[in-house]
Amino acid sequence: MDEDRWLAERFEAHRAHLRAVAYRMLGSLGEAEDAVQESWLHLSRADTRGVENLGGWLTTVVARVCLDMLRSRKARREEPMAAPDPAADREAGTDPEREAVLADSVGLALLVVLDTLTPAERLAFVLHDLFAVPFEEVASIVGRSPAAARQLASRARRRVQGAPPSPDADVGRQREVVDAFLAALRGGDFDALVAILDPDVVVRADATVAPPAGKESRGALAWAKQAISGARGARLARPALVDGTVGVVVAPRGRLFRVLRFTLAQGKIARIDVLGDPEQLRDLDLSVLDGEPHPETWRSPV
């Protein structure tokens with residue numbers, strides 16, 4: 001058997017799984033088939049001799065293809081397909097019976113709820129909760145830390161389950177904490193800053209902020225001292241919704257430069273992720289608060 005045929009047979013063995021992943025990501029069998037076909041093109045061009053788990057490799061590929069498709073939808077401001085449309089699928093040449101089987105397995109209500117999520121939330125929830133993909137792998141696909149991927153899936157899960165959010169998920173309370181954080185920085189108030197930080201706060205800066213490989217700081221006292229001494233740019237910081245939770249953006253002269261993403265626990269800041277990588281910044285769902293210019297007016301941070 002020649003190599004191309006052998007590879008095609010291995011791909012066909014995974015096709016149903018890949019279609020199921022893509023359908024839950026995209027909500028349309030036609031688009032799911034396109035994503036699966038794109039994953040085959042990736043496979044046919046790749047050197048997979050060192051790949052031990054081809055199914056996992058293909059799942060990652062199709063997930064990235066779907067993520068790009070969801071982002072493209074959002075960029076065009078199009079409404080994603082919340083539920084199958086048999087008439088439209090007949091016109092497109094897809095199989096309504098196969099669509100119905102997939103719809104039954106997913107549930108139309110779930111598809112509707114999934115359409116309310118951001119692309120990153122949708123991917124994290126679908127891969128982890130529906131297909132048991134580890135958060136480390138989810139993180140590599142969305143370009144975030146495993147902890148951030150876990151938060152994405154948690155937010156999506158609450159939306160899907162309709163569970164009441166925890167007190168720390170209340171946007172009003174988040175805003176109070178972030179406002180106090182900014183006020184302490186701008187005023188150089190060390191004690192006030194320490195008071196809103198968890199004693200064991202973890203602050204992680206990506207490699208663009210703290211090269212060559214990023215930097216992690218632990219402990220409220222040590223980090224607050226550094227933050228106060230280097231807070232000259234705090235006047236440029238503004239509160240913003242970052243993927244649905246309150247964080248901070250720094251955008252001098254309308255150019256998005258830094259994003260601070262917070263994790264709250266028991267009313268205090270337990271983690272701060274300082275992001276400066278242009279690719280990650282473009283992936284964030286941002287909305288500046290306090291009547292600042294809409295993020296679409298910002299220039300690309302490159």
# chains A, B, ... in the order shown; residues from 1 in each chain; ligands from 1

$ residues_around --residues "A:Glu33" --least-positions-apart "4" --cutoff "7 Å" --atoms "only C-alpha atoms" --output "short mmCIF file (atom, residue, chain, number, x, y, z; two decimals) with C-alpha atoms, in the first residue's frame"
data_model
loop_
_atom_site.label_atom_id
_atom_site.label_comp_id
_atom_site.auth_asym_id
_atom_site.auth_seq_id
_atom_site.Cartn_x
_atom_site.Cartn_y
_atom_site.Cartn_z
CA ARG A 19 -16.84 16.16 11.97
CA LEU A 29 -22.65 20.65 8.90
CA GLN A 37 -11.48 18.93 4.51
#

$ select_by_dssp --residues "stretch 167-243 of chain A" --states "alpha helix (DSSP H)" --output "JSON, numbers by chain"
{"A": [171, 172, 173, 174, 175, 176, 177, 178, 179, 180, 181, 182, 183, 184, 185, 186, 187, 190, 191, 192, 193, 194, 195, 220, 221, 222, 223, 224, 225, 226, 227, 228, 229]}

$ atom_distance --atom1 "atom CA of A:Ser287" --atom2 "atom CA of A:Leu241"
5.0 Å

$ residues_around --residues "stretch 187-204 of chain A" --least-positions-apart "3" --cutoff "9 Å" --atoms "only C-alpha atoms" --output "VMD selection string"
chain A and resid 177 180 to 184 214 to 221 223 to 225 227 to 229 231 264 to 275

$ residues_around --residues "stretch 149-155 of chain A" --least-positions-apart "4" --cutoff "7 Å" --atoms "only C-alpha atoms" --output "list of chain:residue names"
A:Ala120, A:Glu121, A:Ala124, A:Phe125, A:Phe135, A:Val138, A:Ala139, A:Arg144, A:Ser145, A:Arg159

$ write_last_selection --atoms "N, CA, C and O atoms" --output "CSV table (one decimal), in the first residue's frame"
chain,number,residue,atom,x,y,z
A,120,ALA,N,-13.0,31.8,21.6
A,120,ALA,CA,-12.1,31.1,22.6
A,120,ALA,C,-12.9,30.3,23.6
A,120,ALA,O,-12.5,29.2,24.0
A,121,GLU,N,-14.0,30.9,24.1
A,121,GLU,CA,-14.8,30.2,25.1
A,121,GLU,C,-15.5,29.0,24.5
A,121,GLU,O,-15.5,27.9,25.1
A,124,ALA,N,-12.8,26.2,24.1
A,124,ALA,CA,-12.4,25.6,25.4
A,124,ALA,C,-13.4,24.7,25.9
A,124,ALA,O,-13.1,23.6,26.4
A,125,PHE,N,-14.7,25.1,25.8
A,125,PHE,CA,-15.8,24.3,26.3
A,125,PHE,C,-16.0,23.1,25.5
A,125,PHE,O,-16.1,21.9,26.1
A,135,PHE,N,-6.5,20.8,29.3
A,135,PHE,CA,-6.4,22.2,29.2
A,135,PHE,C,-5.1,22.7,28.6
A,135,PHE,O,-5.0,23.7,28.0
A,138,VAL,N,-5.7,22.6,25.0
A,138,VAL,CA,-6.6,23.7,24.7
A,138,VAL,C,-5.8,25.1,24.7
A,138,VAL,O,-6.0,25.9,23.8
A,139,ALA,N,-5.0,25.2,25.7
A,139,ALA,CA,-4.2,26.5,25.8
A,139,ALA,C,-3.3,26.7,24.7
A,139,ALA,O,-3.2,27.9,24.2
A,144,ARG,N,-3.1,30.8,25.0
A,144,ARG,CA,-3.1,31.3,26.4
A,144,ARG,C,-2.6,30.3,27.3
A,144,ARG,O,-2.2,29.2,26.9
A,145,SER,N,-2.5,30.6,28.6
A,145,SER,CA,-2.0,29.7,29.6
A,145,SER,C,-3.1,28.7,29.9
A,145,SER,O,-4.3,28.9,29.7
A,159,ARG,N,-22.5,29.5,31.5
A,159,ARG,CA,-23.5,30.0,30.5
A,159,ARG,C,-24.4,28.8,30.0
A,159,ARG,O,-25.6,28.9,29.9

$ atom_distance --atom1 "atom CA of A:Ala16" --atom2 "atom CA of A:Val36"
9.4 Å

$ residues_around --residues "stretch 66-73 of chain A" --least-positions-apart "6" --cutoff "12 Å" --atoms "only C-alpha atoms" --output "JSON, numbers by chain"
{"A": [18, 19, 20, 21, 22, 23, 24, 25, 26, 27, 28, 31, 32, 33, 34, 35, 36, 37, 38, 39, 59, 60, 79, 80, 81, 114, 115, 116, 117, 118, 119, 120, 121, 122, 123, 124, 126, 127, 138, 141, 142, 143, 282, 283, 284, 285]}

$ closest_residue --among "A:Thr245, A:Ser44, A:Thr208, A:Gln226" --to "A:Val171" --atoms "only C-alpha atoms"
A:Thr245

$ closest_residue --among "A:Ala147, A:Ala63, A:Leu236, A:Leu256" --to "A:Val133" --atoms "only C-alpha atoms"
A:Ala63
